[in-house]
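Participant: Sharing a structure with you now.
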Amino acid sequence: MTKTFSIYRSSAGSGKTRTLAKEYIKLALQWQPDYFKYILAVTFANKAAQEMKDRVILYLDEFSRGVTNNLTEEIRSELDFDAKRLQSKSADVLSSLLHHYSLFSISTIDSFFQKVIRSFTREAGLLGNFRLEVDNDLVLGEVIHELMDDLGEDERLTRWVVEFSRERLRDGDNWNVVNELKTFARQIFSEEFKTIEKEILQFHDDDRMNAFLQSMQKIVSHFEQQMKIQGQAALKILADNNITVDDFNNKDRGTAFKYFRNNAAGQSVDMTKTLEESLVNTEKWAKKKTPNTNRFLILVENQLKPHLNQMVEFERANQLDVQSAREILRNFYAFGLLAHITRKLKAYQEKNNLMLLSDAPQFLNGIINESDTPFIYEKVGSFYRNYLIDEFQDTSGFQWKNFLPLLKDSLDQGRPNFIVGDVKQSIYRWRGGDLQLLQSKVQDTIGEQTHVIPLNTNYRSADVIVQFNNTLFKESAAAVALLTAHEAPQQVFDDVMQHSVKYKDKGYVAVEFLERKDEEEDWEEKALKRLPFFIEQLQDKGVALKDIAVLVRKNEEGQRVASFLMQYKTSPLAKKEYRYDVVSNESLRLDYASSVNLIISALKYLDNPEDAVARGELAFEASKGKSLDAVFLNAARNSLPGLLPESFLLNFHWLRRLSVFELTEELVRMFDLGHRSDELAYLHAFQDLVLDFSAQEKNDVSSFLEWWEVNKSKKSVQVPGHVNAIRIFTIHKSKGLQFKHVLLPFCDWGLGHDIAPLLWVSSSKPPFNAMKHLAVLYSKQLEKTVFADAYFDERVKAHLDNLNVLYVALTRAEESMIIMAPEATKTPGISTVGKLLYNVITQSLALSPYFKRDTAAFQVGTLEKLSKEERVSSFATIPMNSYSTFDWREKLVIKQQGAEYFLPEPSAARNKINYGILLHRVLAHVKHKKQLKEALRILESANELSSDDVATIQPLLEKMMEHQVIGKWFDPSWKVKTEVTVLLPEGKQHRIDRVMEKGKEMVLVDYKTGKEKQRDREQIMEYAVLLTQMGYQNVQAYLWYLEELRIVEVVSKSGLNLF
Amino acid sequence: MKPFLKELAETIAGTYGRADELTIVFPNRRASLFFQKYYAESITSPSWSPSLLSIEEFFSRLSDLKEPDKLSLIFTLYEVYNKVMKVDEPFDRFYFWGEMLLRDFDEVDKYLVNASQLFRDLSKLKELDETFDYLTEEQKEFLRSFWISFEEKPVGSKEEFLRVWRKLTDVYAVFVKTLKKEGNGYEGLLHREVLAKLQATSLTTLPWNDYPFDKLIFAGFNALTKAEEGVLAYFVARGANVFWDCDAYYLNNRNQEAGQFMREYRNHTILGRTFPKEVPSNITQPKNIKLTGVAQRIGQAKHVGQVVGDWLKNSGPVDLEKTVIVLPDEGMLLPMMNSLPDEATKVNVTMGYPLRLTPLFNLLDLVIEMQIYQKGNRFSHRQVTTLLDHPYLISLTEKKSQEWRREIISGNKVYVAAKEFGPNPVFDKVFKVISASDASGYLLELVEMMGSHFAQQQGLDREYAFHFHRHLSRLHEILTRTQRTIEDQSVAWRGFQKLFRQVIQSQRIPFTGEPLKGLQIMGVMETRNLDFDNVYMLSLNEGMLPAPSRQGSYIPHSIRKAYALPAFEHQDAFYAYLFYRLLQRADTIHLYYNTEPDIIGNGEMSRYLQQLIYESGLKIDKQVLHLPLEVSEVTAVTVNKTPEVMQILDQYLEGAANTEAGEKQKFFSPTALNDYIECRLRFYLKHLAKLYEAEEVEEEFDARMFGNLLHDVLAWQYEPFKREGKQVTAEDTDRLKKNTESLIDKAYRRHFRMDAEETIVYEGQRLVVKEMISDFVNKVLDHDKTYTPFHVDMLEERFIQIFPIASGKRICVGGTIDRVDEKDNVIRVVDYKTGRDDTDFESIPSLFAREGKRNKAAFQTFLYSYVYGLRNPEKRGDIKPGLYHRKKLFSSDFEFGHTMGKSRQKEMVEDAKPYFFEFAEQLNELLTELYDVQQPFDQTANEKACMYCSFKSICRR
Ligand code: SF4
């Protein structure tokens, strides 16, 4: 049996995109030129999909032109093609592909799902034009807002919220639970929640929740009550015997005294060593050599020790239940509200006709409904035969389930399919990524057709870096496995060893361990201060700034690096011969740009002129250079002339009527913002946002400002490739990218969770099994609960996540990598990646020789520039130096049609005025009397006339047909043309309302409304002359004043009558 | 190069006889205009114009049916659908689906498909072979491949699909019947009917003239529907002629989808005759092609503006009308118009201004929203205040609306009753509770009101009203025909809103302009048949050109293929033709695309560009737009103590206010001083310049309001004891708890300026707040109980204290002390804190320190204690400042008082007096600095302080 299902395990830098492109091209070249339409390749990120598409086209283009590239050989030998065949086949495929581009299916998984869903809206009960929303938080905010509005109306809801608030107040937290709920409720977007959502909505009704809550509270309170009584009893014994805290050895530090006292006060106490000893050893209780010592010891032996034992035993016997109940109670109110929020969210989506992008996989899952024959895909016309799925480690359970029927179908037909991924780079578990799928589940599901191919050649990094990572991660995985008592880390890193092919024996890795804290600064401060040194060193080697990347774990760290370097640049420490420029998305935020702020504050001011802060901002931005005290004072006093352009102040009301986009363009003009060349990129990016926003349903100024307030911190100019500056990336963003030189200044994130996540747990142990699902906060406390398994499980996963992040971070560099971490602490244990790094480096046989204890630095290889200059792009760059904006209203006007439509007394007057126009319109369609009714009907059904109009006009028209002269004109004996055009050689045209021809006779009529004008006569006379010139003999011409039903004979039968 | 229509005009003028006998049919109207102009250029004496028709006009003249507007069609379909399917779907939900279904039916007819066979359920596959012998094997294969998935028992979405599918034949049949009965039809129906009629009769002349068919000309057609194809063939067979506009480049290369249709027609037995022997080959002629990549959209328009501007500046007089800017993305119209250089004096735009960008749309939508959120005959302040601030209402009510708005805000009215407005003719019309079934009438009335108001004024507002009036009248007419009533008004209004938005969404107001003059701006479809020397094409991205693949159809792709209905390939080929056609006769071509795909990865460079790059062999200048980028420099914001600033500061000196004239003495509060310590600039902006944020209705109870209510209630609780000098006992505190509720009501009334009789409705979060205040107050009483008996000395006591500094200035500092009580020689200075305040601090200097952790609350209570000490020197007891604070109030280890010291050695401050000296020194230093001319108001170095500051955007923090 041939194995048709290939899993490529692609470690970092192993040429994943190349492999995919190759498999794609191989499939595409084998059959008829348009076979590519049967191949679907999906990946996760935008850029990756684009890159893959580009690669396929580029390869094909080169093949078809006979250019040899790094794939030519492999393709030829694997397909057994000769050079000519490859060339001609490639040309065919490329051409077919370019001309059937819609069928060229390499896309992101989201976009593929969207495509499917869009064509499936009817059955799914969606409105077809639903809006796709990517911002969950935004929606959640609205939903919770609406939920709060419902308080008072919905009693149960109110009770939950009040109790929740009360609990928070009692704990000394902010009683306003809105923010807390917003954070907590993010849960409902997680795939984990979605898998149990139905059950939660079904089973977790308020009554059940209440009963459960009470049972939990009872467990805790019963226990606490008992402990309190016991504690108080003990204190009484002490008091009765005149023993005080001072008689205790170590007073109340971890002693039995503290145990008694705190329990008596209703507080729990953790077990300490002292306490353990106190349970068995009487001697340990008392402070030596006091007058009371002996008396006390006797008391201990007889009463206190047994008492303590009894209490501890009682506590231990109840611990599991009590702890479990406590953990459950910690979030119970918020948990109770989840069902409410989920329901509200659904209603909100329905109401606003929107779908959340994050809902798509689940949604699709719902309609696929585990069926084997994926009707849904058929309906879209996606008859794919081969599937290539990239970044598989980030695939979620739902996504996999959605693909499974497709894959199975294809495999059943014996067709090859591919998935590519690297479990070691799975860092998106929080977004639903499930590395188990790639690790084992997929293989288990598909079975023996599977064929696992490790890609273990590293094409990215220099030899030294590859070797370093090989050792480091092999040993780190072992260490983490030991730490978590679980084999998973080692399994995941099983394939970590790579061959290197690039820059043999070259490359550079340095790890510096910095002193943790001294008088003035912490180690991170020190790491920052080391950065300029490395940056200078790299420049000494000829490295350009744009080839250096700083990787950080969190955005804030990136900000810290950016602002440090920016300050450094202008400080006296900076050396003239070096540059320190840095860019990050963060540092290019739009709301840091002056022009953007000016526009925003102007909008705020227009939206609410009473907002003095907005006035202050606007005045401040608009009057740079003026003395600020006056600026702010005048702004506060609302005396703005002089501070702001006159045109702006004068046109205040006019501006307020403009749509947001028009308004912002106008502001750019009024405040002359287009000429600040350093602001151009920001202004452009901002106007693009405004333009996008204008497409939303609600797009007035205040909606825009609300939206901006929420989103401004996320909006920045994208870092363009051509800027020569150091880049800052978070490690997550850096995934899939590579940089020549990498600096990792803060390599010390925790291996466990930073922020405790919520775990969805369940237990079969009564009474905890009364609820099917429970939410508890991840913490060490869970060890002592019935949910211990879930805790340990999560713990392993968390460690893996963080180890994977380290793997991603350390595999980005091509030529050199410089890492800084704090020096190890005395306390043993590996809780952070920094400690892990230290441990492995100092203990590994292969690495430790390069570690110098005196400087606490590790260094291997030499720092040098390895790469040559790159080829330049075929695209030239062209500059743009201003944001030019012009008032279009001077060149163009909106057509005025409503001029006579609205009059003080609308109904009566409107008809009167319009009636001439309407008559004209109808008559254009009437050649002969009998066509009259028909014409009216046409115009009515085309919505040009209302039924009211028809009712008024019809009698009028009929009356006209009775008219002596007119009646004759509409006689069928005439050959009639309406609205005919006469053309003149120089391009002029004349349109004549009615031309009638009978034998030699020719009659022209022009319809007129309003008063008689001399001009009317001249016009028709001109027509008559024209017709005479065209060779017609007996030309008569009339004017017909429609309202008055009056006819003026301008040219009579007898010929041209020039008055 | 010579435009196609000019070529055509010359040919016709040269080869055909009397022009008035000629009928020329074009794909659209615009072609006629241009043709006419070219025709005039090619004659030497006055002449009739040939009769020029668009294909639509041509069909409608041939047909007995008339086409009603889309809304009516969809409504008729809606009624039919509900009847046939036996459902009762609301119209607004149906609308989108109806649009789609109408489109499907339209195509079924245009492509002459047998509807009853198309909509057959073939899930029993046997039927397929029996009934469909007219289909080719390939077509049958498509059908099979689709229906095969139905072999097993259909469930879920499949079942749902079948249920609808099976009925569609009936829906179609009844729909067509209903329409025809009224003499109506949609486009496809007209086409089908015309073709059938033609084939049944044998015309010799067109019904409206009596010239032979060799006077009939079709020109410029490409993708014909089957019905059009049939009609054309009918006339061609009888002598009519067709002129095709094509180029060898795509016609003769079978791979080029642009030539797909033409190739078909060339092989057509009848139409084939009309093709010329020699097809011109213009595309491959040398041209000037520039391809420009721009990140995002705006830049494309701005760059075109710049290029056109430079060109016009340098070129001398040019024929602007030979230049076109093509906008495949309709959203680019406004950016483009705002980028047209002033040198382009004349512009003609064939697209319209979107109605939904007008202020009237905002107003109407807001009004609808207001009705949606109406609760018990009251409107939410959110929409009401925004409405009152709408420029139209301001103008209509001569600014009365702004007064109302202010009143609502200061009265903090979350919900406003309709009857509270008025009497005022405008408000009466706007702010009334309307049932959703009267929605359209209500809006119509409002539009009428706006229209009449603006009737006398020139300008756009009247124009907007005009257009809205037209669309709303139609909507109104249709909606009054529905009988359906929905109980839930908010749901019904939502539905109406959806409908309203959908109807308005696609509406445009035309621009005036002379189509033949000036720079031309148009959409892709409008370029049909037209040629320009200079072509600018924007948004050349997938999803724009070609446009997104179909707008949705209920007919699955395979079934479309089986019945030769157009599928996305059809549309792709259609756009390909439009694209290449624009290139074929142009000299200079500027192509733009967005280099950034959208968020889910759609919208890469258009395939047509890739085709040009990879296979055309044409020389293309490729470039990307580069915007200079600099990291915005953050500059320091500093306000110097100018004489004017000093003057303001001096208003805080003793005696600065003319109290006799009723002026109040100004003073610095602890909050102000806290601000000063945290950030001098913030102090200046907030307390001296007085830049305040605008007041708004606070529906979400903010912390400040919570605090205010709490203070009131606690003060009132102890008020009698203070007044009567009575001791507070344990029994008292228990008793006081009973008052809490009613005092909260009282405080609430006071805060929201309500009358005593007005009933209070605690809604939304206010409900929670009430409970929380009550808990808080009662807990304070509990703590007080353990402290009883004690005396109450002060409650909410205001004071101003003078602090002289070395310069001789005497500075006023003041505030309100929440409570001072006394027991056994201990005087407690109490402050209630509802925020995050803590009780511990490091040292007295730490209270004045700008860096590090600072305890604002302790600063305040120490200041109060100090002032109390100064004013009551006779009191001998300890002065103990402290807090009743949220963070610890409910904790079992709550203890009144502050602890002072380094982290491990904190000790309770039982008496503040010993620290007064140090405190006074520090305070003096602070005030001295505040009045020091040399010390400007600058930004804090401690960025943490900026977190919640209102001036963040000024400072870029
Ligand atoms: S943002 Fe910061 S620096 Fe600016 S005024 Fe506020 S606190 Fe001061």
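Just so we're on the same page: first chain in the structure tokens is A, next is B, and so on; residues restart at 1 for each chain, and ligands are numbered from 1 in the order they show up.
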As a quick test: using only C-alpha atoms and all ligand atoms, which residues lie no more than 6 Å away from ligand 1? Give them as a ChimeraX atom specification.
Facilitator: /B:679,681-682,939-940,945-946,949,951-952,955,957
Participant: If you keep N, CA, C and O atoms, can you produce a file of those selected residues as a PDB file, in the first residue's frame?
Facilitator:
```pdb
ATOM      1  N   CYS B 679       2.167  65.802  38.759  1.00  0.00           N
ATOM      2  CA  CYS B 679       2.585  66.358  37.483  1.00  0.00           C
ATOM      3  C   CYS B 679       2.234  67.828  37.441  1.00  0.00           C
ATOM      4  O   CYS B 679       1.068  68.202  37.518  1.00  0.00           O
ATOM      5  N   LEU B 681       2.434  69.877  34.995  1.00  0.00           N
ATOM      6  CA  LEU B 681       1.685  70.295  33.803  1.00  0.00           C
ATOM      7  C   LEU B 681       0.199  69.977  33.968  1.00  0.00           C
ATOM      8  O   LEU B 681      -0.676  70.790  33.669  1.00  0.00           O
ATOM      9  N   ARG B 682      -0.073  68.793  34.486  1.00  0.00           N
ATOM     10  CA  ARG B 682      -1.471  68.444  34.671  1.00  0.00           C
ATOM     11  C   ARG B 682      -2.152  69.442  35.615  1.00  0.00           C
ATOM     12  O   ARG B 682      -3.282  69.868  35.397  1.00  0.00           O
ATOM     13  N   GLN B 939       6.176  68.465  32.404  1.00  0.00           N
ATOM     14  CA  GLN B 939       5.590  67.123  32.461  1.00  0.00           C
ATOM     15  C   GLN B 939       6.293  66.270  33.501  1.00  0.00           C
ATOM     16  O   GLN B 939       7.488  66.430  33.733  1.00  0.00           O
ATOM     17  N   THR B 940       5.570  65.366  34.063  1.00  0.00           N
ATOM     18  CA  THR B 940       6.168  64.494  35.060  1.00  0.00           C
ATOM     19  C   THR B 940       7.127  63.515  34.386  1.00  0.00           C
ATOM     20  O   THR B 940       6.967  63.168  33.221  1.00  0.00           O
ATOM     21  N   ALA B 945       2.144  58.050  36.212  1.00  0.00           N
ATOM     22  CA  ALA B 945       1.155  59.062  36.589  1.00  0.00           C
ATOM     23  C   ALA B 945       0.238  59.416  35.422  1.00  0.00           C
ATOM     24  O   ALA B 945      -0.849  59.952  35.606  1.00  0.00           O
ATOM     25  N   CYS B 946       0.689  59.127  34.234  1.00  0.00           N
ATOM     26  CA  CYS B 946      -0.077  59.544  33.049  1.00  0.00           C
ATOM     27  C   CYS B 946      -1.203  58.579  32.701  1.00  0.00           C
ATOM     28  O   CYS B 946      -2.057  58.887  31.883  1.00  0.00           O
ATOM     29  N   CYS B 949      -4.585  60.056  32.961  1.00  0.00           N
ATOM     30  CA  CYS B 949      -4.641  61.510  32.823  1.00  0.00           C
ATOM     31  C   CYS B 949      -5.411  61.889  31.564  1.00  0.00           C
ATOM     32  O   CYS B 949      -5.289  61.248  30.523  1.00  0.00           O
ATOM     33  N   PHE B 951      -4.937  64.349  29.732  1.00  0.00           N
ATOM     34  CA  PHE B 951      -4.152  65.109  28.749  1.00  0.00           C
ATOM     35  C   PHE B 951      -3.140  64.234  28.027  1.00  0.00           C
ATOM     36  O   PHE B 951      -2.174  64.714  27.454  1.00  0.00           O
ATOM     37  N   LYS B 952      -3.417  62.951  28.087  1.00  0.00           N
ATOM     38  CA  LYS B 952      -2.479  62.011  27.469  1.00  0.00           C
ATOM     39  C   LYS B 952      -2.189  62.330  26.014  1.00  0.00           C
ATOM     40  O   LYS B 952      -1.063  62.201  25.559  1.00  0.00           O
ATOM     41  N   CYS B 955       0.264  65.085  25.644  1.00  0.00           N
ATOM     42  CA  CYS B 955       1.621  64.710  26.041  1.00  0.00           C
ATOM     43  C   CYS B 955       2.160  63.522  25.270  1.00  0.00           C
ATOM     44  O   CYS B 955       3.327  63.181  25.416  1.00  0.00           O
ATOM     45  N   ARG B 957       1.456  60.381  25.879  1.00  0.00           N
ATOM     46  CA  ARG B 957       1.916  59.407  26.863  1.00  0.00           C
ATOM     47  C   ARG B 957       0.981  58.222  26.886  1.00  0.00           C
ATOM     48  O   ARG B 957      -0.152  58.337  26.462  1.00  0.00           O
TER      49      ARG B 957
END
```
Participant: Can you tell me which residues surround Asp110 in chain A at a distance of at most 10 Å, considering only C-alpha atoms, apart from same-chain residues fewer than 2 positions away, and format the answer as a PyMOL selection string?
Facilitator: (chain A and resi 42-46+107-108+112-116+357-358+360-361+399) or (chain B and resi 599-601)
Participant: Using DSSP on the backbone coordinates, identify the residues of range 244-386 of chain A assigned to strand (DSSP E or B); present them as a JSON list (two decimals) with N, CA and C atoms, in the first residue's frame.
Facilitator:
```
[["chain", "number", "residue", "atom", "x", "y", "z"],
["A", 248, "PHE", "N", 5.52, 31.04, 73.06],
["A", 248, "PHE", "CA", 5.76, 30.12, 71.94],
["A", 248, "PHE", "C", 7.14, 30.32, 71.34],
["A", 286, "ALA", "N", 7.52, 25.26, 72.91],
["A", 286, "ALA", "CA", 7.74, 26.35, 73.88],
["A", 286, "ALA", "C", 9.08, 27.02, 73.71],
["A", 354, "LEU", "N", -23.93, 40.20, 12.22],
["A", 354, "LEU", "CA", -22.48, 40.05, 12.08],
["A", 354, "LEU", "C", -22.03, 38.68, 12.52],
["A", 355, "MET", "N", -20.92, 38.28, 11.98],
["A", 355, "MET", "CA", -20.33, 37.02, 12.38],
["A", 355, "MET", "C", -18.92, 37.33, 12.85],
["A", 356, "LEU", "N", -18.55, 36.66, 13.92],
["A", 356, "LEU", "CA", -17.19, 36.83, 14.40],
["A", 356, "LEU", "C", -16.29, 35.87, 13.65],
["A", 386, "ASN", "N", -6.61, 17.27, -3.72],
["A", 386, "ASN", "CA", -5.43, 17.20, -2.87],
["A", 386, "ASN", "C", -5.43, 18.37, -1.91]]
```
Participant: Could you please write out, as a PyMOL selection string, every residue of range 61-171 of chain B that DSSP assigns to alpha helix (DSSP H)?
Facilitator: chain B and resi 61-62+70-85+91-110+115-118+126-131+137-147+156-171
Participant: Filtering to C-alpha atoms, could you give me those residues as a PDB file, in the first residue's frame?
Facilitator:
```pdb
ATOM      1  CA  ARG B  61     -39.500  48.401 -26.823  1.00  0.00           C
ATOM      2  CA  LEU B  62     -39.828  44.884 -28.109  1.00  0.00           C
ATOM      3  CA  LYS B  70     -36.332  46.296  -7.711  1.00  0.00           C
ATOM      4  CA  LEU B  71     -38.034  46.924  -4.418  1.00  0.00           C
ATOM      5  CA  SER B  72     -41.453  46.118  -5.858  1.00  0.00           C
ATOM      6  CA  LEU B  73     -40.121  43.031  -7.544  1.00  0.00           C
ATOM      7  CA  ILE B  74     -38.593  41.770  -4.363  1.00  0.00           C
ATOM      8  CA  PHE B  75     -41.770  42.504  -2.533  1.00  0.00           C
ATOM      9  CA  THR B  76     -43.847  40.557  -5.002  1.00  0.00           C
ATOM     10  CA  LEU B  77     -41.388  37.715  -4.743  1.00  0.00           C
ATOM     11  CA  TYR B  78     -41.651  37.952  -0.991  1.00  0.00           C
ATOM     12  CA  GLU B  79     -45.380  37.529  -1.048  1.00  0.00           C
ATOM     13  CA  VAL B  80     -45.135  34.629  -3.430  1.00  0.00           C
ATOM     14  CA  TYR B  81     -42.436  32.995  -1.389  1.00  0.00           C
ATOM     15  CA  ASN B  82     -44.296  33.152   1.875  1.00  0.00           C
ATOM     16  CA  LYS B  83     -47.381  31.762   0.228  1.00  0.00           C
ATOM     17  CA  VAL B  84     -45.683  28.909  -1.557  1.00  0.00           C
ATOM     18  CA  MET B  85     -43.369  27.948   1.263  1.00  0.00           C
ATOM     19  CA  PHE B  91     -39.684  41.209   4.896  1.00  0.00           C
ATOM     20  CA  ASP B  92     -36.463  42.661   6.187  1.00  0.00           C
ATOM     21  CA  ARG B  93     -34.979  39.228   6.711  1.00  0.00           C
ATOM     22  CA  PHE B  94     -36.202  38.150   3.336  1.00  0.00           C
ATOM     23  CA  TYR B  95     -34.831  41.164   1.514  1.00  0.00           C
ATOM     24  CA  PHE B  96     -31.301  39.987   1.020  1.00  0.00           C
ATOM     25  CA  TRP B  97     -32.339  36.479   0.160  1.00  0.00           C
ATOM     26  CA  GLY B  98     -34.986  37.882  -2.130  1.00  0.00           C
ATOM     27  CA  GLU B  99     -32.400  39.929  -3.946  1.00  0.00           C
ATOM     28  CA  MET B 100     -30.355  36.811  -4.439  1.00  0.00           C
ATOM     29  CA  LEU B 101     -33.284  34.719  -5.567  1.00  0.00           C
ATOM     30  CA  LEU B 102     -34.394  37.399  -7.966  1.00  0.00           C
ATOM     31  CA  ARG B 103     -30.919  37.438  -9.415  1.00  0.00           C
ATOM     32  CA  ASP B 104     -31.021  33.686  -9.799  1.00  0.00           C
ATOM     33  CA  PHE B 105     -34.387  33.752 -11.545  1.00  0.00           C
ATOM     34  CA  ASP B 106     -33.169  36.564 -13.721  1.00  0.00           C
ATOM     35  CA  GLU B 107     -30.274  34.453 -14.884  1.00  0.00           C
ATOM     36  CA  VAL B 108     -32.355  31.369 -15.335  1.00  0.00           C
ATOM     37  CA  ASP B 109     -34.395  33.319 -17.841  1.00  0.00           C
ATOM     38  CA  LYS B 110     -31.591  35.178 -19.480  1.00  0.00           C
ATOM     39  CA  ALA B 115     -36.668  26.281 -14.423  1.00  0.00           C
ATOM     40  CA  SER B 116     -38.765  23.290 -13.554  1.00  0.00           C
ATOM     41  CA  GLN B 117     -35.983  20.961 -14.563  1.00  0.00           C
ATOM     42  CA  LEU B 118     -33.309  23.039 -12.986  1.00  0.00           C
ATOM     43  CA  LYS B 126     -31.972   7.412 -11.370  1.00  0.00           C
ATOM     44  CA  GLU B 127     -33.966  10.292 -12.678  1.00  0.00           C
ATOM     45  CA  LEU B 128     -30.958  12.011 -13.983  1.00  0.00           C
ATOM     46  CA  ASP B 129     -30.346   9.676 -16.842  1.00  0.00           C
ATOM     47  CA  GLU B 130     -33.991   9.386 -17.699  1.00  0.00           C
ATOM     48  CA  THR B 131     -34.997  12.991 -17.940  1.00  0.00           C
ATOM     49  CA  GLU B 137     -22.249  13.909 -20.651  1.00  0.00           C
ATOM     50  CA  GLU B 138     -20.049  16.532 -19.085  1.00  0.00           C
ATOM     51  CA  GLN B 139     -23.018  18.527 -17.896  1.00  0.00           C
ATOM     52  CA  LYS B 140     -24.608  15.428 -16.452  1.00  0.00           C
ATOM     53  CA  GLU B 141     -21.390  14.722 -14.679  1.00  0.00           C
ATOM     54  CA  PHE B 142     -21.633  18.060 -12.907  1.00  0.00           C
ATOM     55  CA  LEU B 143     -25.120  17.230 -11.784  1.00  0.00           C
ATOM     56  CA  ARG B 144     -24.085  13.820 -10.626  1.00  0.00           C
ATOM     57  CA  SER B 145     -21.163  15.126  -8.695  1.00  0.00           C
ATOM     58  CA  PHE B 146     -23.421  17.462  -6.809  1.00  0.00           C
ATOM     59  CA  TRP B 147     -26.318  15.195  -6.089  1.00  0.00           C
ATOM     60  CA  GLY B 156     -29.127  19.148   8.771  1.00  0.00           C
ATOM     61  CA  SER B 157     -28.146  21.676   6.179  1.00  0.00           C
ATOM     62  CA  LYS B 158     -28.698  19.225   3.348  1.00  0.00           C
ATOM     63  CA  GLU B 159     -32.246  18.665   4.393  1.00  0.00           C
ATOM     64  CA  GLU B 160     -32.772  22.381   4.667  1.00  0.00           C
ATOM     65  CA  PHE B 161     -31.325  22.848   1.215  1.00  0.00           C
ATOM     66  CA  LEU B 162     -33.622  20.231  -0.274  1.00  0.00           C
ATOM     67  CA  ARG B 163     -36.667  21.630   1.424  1.00  0.00           C
ATOM     68  CA  VAL B 164     -36.184  24.984  -0.220  1.00  0.00           C
ATOM     69  CA  TRP B 165     -34.895  23.605  -3.490  1.00  0.00           C
ATOM     70  CA  ARG B 166     -37.919  21.417  -4.085  1.00  0.00           C
ATOM     71  CA  LYS B 167     -40.226  24.382  -3.817  1.00  0.00           C
ATOM     72  CA  LEU B 168     -38.297  26.744  -5.990  1.00  0.00           C
ATOM     73  CA  THR B 169     -40.015  25.578  -9.162  1.00  0.00           C
ATOM     74  CA  ASP B 170     -43.300  26.606  -7.658  1.00  0.00           C
ATOM     75  CA  VAL B 171     -41.962  29.849  -6.347  1.00  0.00           C
TER      76      VAL B 171
END
```
Participant: List as a PDB file with N, CA and C atoms, in the first residue's frame the protein and nucleic acid residues near Val231 in chain B, meaning an atom at most 9 Å away when only C-alpha atoms are counted, but skip any in the same chain fewer than 6 places from it.
Facilitator:
```
ATOM      1  N   HIS B 191     -36.399  39.517 -21.492  1.00  0.00           N
ATOM      2  CA  HIS B 191     -35.536  38.994 -22.540  1.00  0.00           C
ATOM      3  C   HIS B 191     -36.091  37.701 -23.105  1.00  0.00           C
ATOM      4  N   VAL B 194     -39.187  38.311 -25.113  1.00  0.00           N
ATOM      5  CA  VAL B 194     -38.912  38.932 -26.411  1.00  0.00           C
ATOM      6  C   VAL B 194     -38.412  37.885 -27.401  1.00  0.00           C
ATOM      7  N   LEU B 195     -37.471  37.086 -26.951  1.00  0.00           N
ATOM      8  CA  LEU B 195     -36.926  36.087 -27.849  1.00  0.00           C
ATOM      9  C   LEU B 195     -38.014  35.126 -28.331  1.00  0.00           C
ATOM     10  N   LEU B 198     -40.203  36.851 -30.835  1.00  0.00           N
ATOM     11  CA  LEU B 198     -39.549  37.009 -32.122  1.00  0.00           C
ATOM     12  C   LEU B 198     -39.580  35.700 -32.907  1.00  0.00           C
ATOM     13  N   GLN B 199     -39.241  34.649 -32.163  1.00  0.00           N
ATOM     14  CA  GLN B 199     -39.162  33.368 -32.857  1.00  0.00           C
ATOM     15  C   GLN B 199     -40.529  32.896 -33.328  1.00  0.00           C
TER      16      GLN B 199
END
```
